[in-house]
Amino acid sequence: SYRATQQIGQAISSLRLELDDGEGLSGNSRPVFTGPKPQWITKPIADHPGIVGKLVSDYVRNKANPIHPGQIAIIVRENSHANRYVAELAESGIPAKVVDKQNPLRSDQKHVHVITAHSCKGLGFPVVIVPEVEESTYPRHAKDPTQREQTLDAEQRLLYVALSRASHQLHMIVDKAAPSPFVKKLNRNDWR
């Protein structure tokens with residue numbers, strides 16, 4: 001992918017490489033840009049909105065190099081989780097909108113985009129924050145035990161999609177009490 005930095009590509013590659021998605025990494029598909037290591041934050045799930053609020057505030061209010069809010073995406077599992085992040089940012093005076101059919105993506109707008117992992121496929125943002133990486137969110141559990149393996153593959157692929165939307169800065173916030181089992185596949189040394 002030419003979208004992400006080498007550091008992001010390396011940090012999330014084990015989620016992709018273990019999937020038989022037919023997109024083998026050829027020599028010309030590796031990231032060419034460099035940047036900072038992505039950030040792995042482990043905190044209780046109740047703290048995730050506050051952490052997201054602080055990260056976004058630090059970006060948009062950075063006096064030396066502020067980031068335009070439209071260049072930031074918060075990627076959640078479901079729209080039902082999106083409003084807690086919109087509310088958190090509103091408390092900090094930072095506009096945010098949930099991306100859906102009524103509110104399409106507009107990177108030129110002055111608001112942070114809160115978008116679901118399913119809806120973010122094919123998109124890219126300079127800054128991506130993926131909160132709620134927990135065992136009940138990634139993976140959703142299959143109702144039919146015979147579909148468990150197939151469901152796990154799809155769930156791992158979905159987390160990879162969410163994490164791979166970042167082109168320069170990636171922040172993953174993992175639940176301290178119940179982390180997603182997929183994080184065990186990641187090399188912690190590739191993260192700060």
# chains A, B, ... in the order shown; residues from 1 in each chain; ligands from 1
call {"tool": "residues_around", "arguments": {"residues": "Pro139 (chain A)", "least_positions_apart": "3", "cutoff": "9 Å", "atoms": "only C-alpha atoms", "output": "list in words"}}
result
Glu134, Glu135, Ser136, Ala142, Thr151, Leu152, Ala154, Glu155, Gln156, Leu158, Leu159, Ser180, Pro181 and Phe182 of chain A
call {"tool": "select_by_dssp", "arguments": {"residues": "chain A", "states": "strand (DSSP E or B)", "output": "JSON, numbers by chain"}}
result
{"A": [5, 33, 39, 40, 41, 42, 43, 72, 73, 74, 75, 76, 96, 97, 98, 112, 113, 114, 115, 116, 125, 126, 127, 128, 129, 130, 131, 132, 133, 134, 166, 167, 168, 169, 170, 171, 172, 173, 174, 175, 179]}
call {"tool": "atom_distance", "arguments": {"atom1": "CA of Tyr59 (chain A)", "atom2": "CA of Ser80 (chain A)"}}
result
25.1 Å
call {"tool": "residues_around", "arguments": {"residues": "Lys101 (chain A)", "least_positions_apart": "4", "cutoff": "12 Å", "atoms": "only C-alpha atoms", "output": "list in words"}}
result
Asn79, Lys97, Leu105, Ile115 and Ser119 of chain A
call {"tool": "closest_residue", "arguments": {"among": "A:Gln102, A:Val76, A:Val32, A:Val112", "to": "Ser57 (chain A)", "atoms": "only C-alpha atoms"}}
result
A:Val112
call {"tool": "residues_around", "arguments": {"residues": "Ile173 (chain A)", "least_positions_apart": "5", "cutoff": "7 Å", "atoms": "only C-alpha atoms", "output": "ChimeraX atom specification"}}
result
/A:40-42,48,130-133
call {"tool": "write_last_selection", "arguments": {"atoms": "N, CA, C and O atoms", "output": "mmCIF file, in the first residue's frame"}}
result
data_model
loop_
_atom_site.group_PDB
_atom_site.id
_atom_site.type_symbol
_atom_site.label_atom_id
_atom_site.label_comp_id
_atom_site.auth_asym_id
_atom_site.auth_seq_id
_atom_site.Cartn_x
_atom_site.Cartn_y
_atom_site.Cartn_z
ATOM 1 N N TRP A 40 0.219 2.431 20.559
ATOM 2 C CA TRP A 40 -0.626 1.399 21.163
ATOM 3 C C TRP A 40 -0.885 1.848 22.594
ATOM 4 O O TRP A 40 0.032 1.944 23.402
ATOM 5 N N ILE A 41 -2.130 2.133 22.907
ATOM 6 C CA ILE A 41 -2.518 2.594 24.241
ATOM 7 C C ILE A 41 -3.398 1.520 24.861
ATOM 8 O O ILE A 41 -4.362 1.067 24.245
ATOM 9 N N THR A 42 -3.083 1.111 26.077
ATOM 10 C CA THR A 42 -3.885 0.122 26.791
ATOM 11 C C THR A 42 -4.479 0.791 28.029
ATOM 12 O O THR A 42 -3.739 1.164 28.943
ATOM 13 N N HIS A 48 -11.595 5.374 27.102
ATOM 14 C CA HIS A 48 -11.317 5.559 25.680
ATOM 15 C C HIS A 48 -11.831 6.882 25.113
ATOM 16 O O HIS A 48 -11.079 7.562 24.403
ATOM 17 N N VAL A 130 -8.248 4.352 16.489
ATOM 18 C CA VAL A 130 -9.141 3.187 16.563
ATOM 19 C C VAL A 130 -9.282 2.807 18.032
ATOM 20 O O VAL A 130 -8.412 2.142 18.593
ATOM 21 N N PRO A 131 -10.369 3.251 18.684
ATOM 22 C CA PRO A 131 -10.600 2.891 20.087
ATOM 23 C C PRO A 131 -11.386 1.581 20.189
ATOM 24 O O PRO A 131 -11.821 1.016 19.190
ATOM 25 N N GLU A 132 -11.563 1.142 21.412
ATOM 26 C CA GLU A 132 -12.417 -0.016 21.730
ATOM 27 C C GLU A 132 -11.967 -1.306 21.052
ATOM 28 O O GLU A 132 -12.769 -2.101 20.593
ATOM 29 N N VAL A 133 -10.653 -1.499 21.012
ATOM 30 C CA VAL A 133 -10.116 -2.759 20.490
ATOM 31 C C VAL A 133 -10.175 -3.739 21.665
ATOM 32 O O VAL A 133 -9.258 -3.850 22.457
#
call {"tool": "closest_residue", "arguments": {"among": "A:Asp100, A:Asp47, A:Asp144, A:Asp58", "to": "Val127 (chain A)", "atoms": "only C-alpha atoms"}}
result
A:Asp58
call {"tool": "select_by_dssp", "arguments": {"residues": "region 116-190 of chain A", "states": "alpha helix (DSSP H)", "output": "list in words"}}
result
Arg148, Glu149, Gln150, Thr151, Leu152, Asp153, Ala154, Glu155, Gln156, Arg157, Leu158, Leu159, Tyr160, Val161, Ala162 and Leu163 of chain A
call {"tool": "residues_around", "arguments": {"residues": "Val98 (chain A)", "least_positions_apart": "2", "cutoff": "7 Å", "atoms": "only C-alpha atoms", "output": "list in words"}}
result
Ala82, Ala96, Asp100, Asn103, His113, Val114 and Ile115 of chain A
call {"tool": "closest_residue", "arguments": {"among": "A:Lys37, A:Arg140, A:Arg77, A:Arg16", "to": "Asp190 (chain A)", "atoms": "only C-alpha atoms"}}
result
A:Lys37
call {"tool": "atom_distance", "arguments": {"atom1": "CA of Asn187 (chain A)", "atom2": "CA of Gln147 (chain A)"}}
result
27.8 Å
call {"tool": "atom_distance", "arguments": {"atom1": "CA of Ile51 (chain A)", "atom2": "CA of Met172 (chain A)"}}
result
10.7 Å
call {"tool": "residues_around", "arguments": {"residues": "Ile67 (chain A)", "least_positions_apart": "4", "cutoff": "9 Å", "atoms": "only C-alpha atoms", "output": "PyMOL selection string"}}
result
chain A and resi 56+59-62+71-72+126-127
call {"tool": "write_last_selection", "arguments": {"atoms": "N, CA, C and O atoms", "output": "PDB file, in the first residue's frame"}}
result
ATOM      1  N   VAL A  56      -7.102  14.078  19.841  1.00  0.00           N
ATOM      2  CA  VAL A  56      -7.604  14.979  18.806  1.00  0.00           C
ATOM      3  C   VAL A  56      -7.303  16.429  19.172  1.00  0.00           C
ATOM      4  O   VAL A  56      -6.841  17.217  18.332  1.00  0.00           O
ATOM      5  N   TYR A  59      -3.779  17.345  18.425  1.00  0.00           N
ATOM      6  CA  TYR A  59      -3.527  17.523  16.991  1.00  0.00           C
ATOM      7  C   TYR A  59      -4.048  18.857  16.477  1.00  0.00           C
ATOM      8  O   TYR A  59      -3.332  19.599  15.812  1.00  0.00           O
ATOM      9  N   VAL A  60      -5.306  19.172  16.758  1.00  0.00           N
ATOM     10  CA  VAL A  60      -5.893  20.377  16.162  1.00  0.00           C
ATOM     11  C   VAL A  60      -5.431  21.660  16.840  1.00  0.00           C
ATOM     12  O   VAL A  60      -5.479  22.729  16.228  1.00  0.00           O
ATOM     13  N   ARG A  61      -4.950  21.561  18.062  1.00  0.00           N
ATOM     14  CA  ARG A  61      -4.504  22.758  18.783  1.00  0.00           C
ATOM     15  C   ARG A  61      -2.985  22.872  18.870  1.00  0.00           C
ATOM     16  O   ARG A  61      -2.482  23.725  19.596  1.00  0.00           O
ATOM     17  N   ASN A  62      -2.278  22.049  18.147  1.00  0.00           N
ATOM     18  CA  ASN A  62      -0.816  22.097  18.115  1.00  0.00           C
ATOM     19  C   ASN A  62      -0.398  23.406  17.455  1.00  0.00           C
ATOM     20  O   ASN A  62      -0.686  23.641  16.286  1.00  0.00           O
ATOM     21  N   GLN A  71      -8.973  16.008   8.535  1.00  0.00           N
ATOM     22  CA  GLN A  71      -7.945  15.019   8.205  1.00  0.00           C
ATOM     23  C   GLN A  71      -7.822  13.942   9.278  1.00  0.00           C
ATOM     24  O   GLN A  71      -6.929  13.102   9.213  1.00  0.00           O
ATOM     25  N   ILE A  72      -8.728  13.971  10.254  1.00  0.00           N
ATOM     26  CA  ILE A  72      -8.688  13.027  11.375  1.00  0.00           C
ATOM     27  C   ILE A  72      -9.926  12.139  11.328  1.00  0.00           C
ATOM     28  O   ILE A  72     -11.041  12.619  11.139  1.00  0.00           O
ATOM     29  N   PRO A 126      -4.835  11.118   7.161  1.00  0.00           N
ATOM     30  CA  PRO A 126      -3.514  11.291   7.754  1.00  0.00           C
ATOM     31  C   PRO A 126      -3.437  10.788   9.200  1.00  0.00           C
ATOM     32  O   PRO A 126      -2.452  10.190   9.613  1.00  0.00           O
ATOM     33  N   VAL A 127      -4.499  11.026   9.969  1.00  0.00           N
ATOM     34  CA  VAL A 127      -4.523  10.616  11.376  1.00  0.00           C
ATOM     35  C   VAL A 127      -5.742   9.727  11.609  1.00  0.00           C
ATOM     36  O   VAL A 127      -6.858  10.101  11.274  1.00  0.00           O
TER      37      VAL A 127
END
call {"tool": "residues_around", "arguments": {"residues": "Pro36 (chain A)", "least_positions_apart": "3", "cutoff": "10 Å", "atoms": "only C-alpha atoms", "output": "number ranges by chain"}}
result
A: 5-8, 39, 168-170, 191-192
call {"tool": "write_last_selection", "arguments": {"atoms": "N, CA, C and O atoms", "output": "tab-separated table (two decimals), in the first residue's frame"}}
result
chain	number	residue	atom	x	y	z
A	5	THR	N	2.62	4.67	6.02
A	5	THR	CA	4.07	4.69	6.20
A	5	THR	C	4.59	3.27	6.39
A	5	THR	O	3.82	2.34	6.69
A	6	GLN	N	5.89	3.11	6.25
A	6	GLN	CA	6.52	1.82	6.49
A	6	GLN	C	6.25	1.35	7.93
A	6	GLN	O	6.02	0.17	8.16
A	7	GLN	N	6.28	2.28	8.87
A	7	GLN	CA	6.10	1.93	10.27
A	7	GLN	C	4.69	1.39	10.52
A	7	GLN	O	4.52	0.41	11.25
A	8	ILE	N	3.69	2.01	9.94
A	8	ILE	CA	2.32	1.52	10.11
A	8	ILE	C	2.17	0.17	9.42
A	8	ILE	O	1.61	-0.77	9.97
A	39	GLN	N	0.96	4.31	17.69
A	39	GLN	CA	0.85	4.28	19.15
A	39	GLN	C	-0.17	3.24	19.60
A	39	GLN	O	-1.29	3.20	19.10
A	168	HIS	N	-0.36	8.52	8.09
A	168	HIS	CA	0.81	9.05	8.80
A	168	HIS	C	0.82	8.73	10.29
A	168	HIS	O	1.84	8.33	10.83
A	169	GLN	N	-0.28	8.92	10.98
A	169	GLN	CA	-0.35	8.69	12.42
A	169	GLN	C	-1.47	7.70	12.72
A	169	GLN	O	-2.60	7.91	12.29
A	170	LEU	N	-1.16	6.67	13.47
A	170	LEU	CA	-2.15	5.67	13.88
A	170	LEU	C	-2.09	5.50	15.39
A	170	LEU	O	-1.01	5.36	15.96
A	191	TRP	N	5.37	-0.87	17.86
A	191	TRP	CA	4.51	0.22	18.32
A	191	TRP	C	5.23	1.01	19.41
A	191	TRP	O	6.08	0.49	20.09
A	192	ARG	N	4.83	2.25	19.56
A	192	ARG	CA	5.37	3.04	20.68
A	192	ARG	C	4.37	3.04	21.82
A	192	ARG	O	3.24	2.68	21.69
call {"tool": "closest_residue", "arguments": {"among": "A:Lys110, A:His81, A:Ala178, A:Leu15", "to": "Pro95 (chain A)", "atoms": "only C-alpha atoms"}}
result
A:Lys110
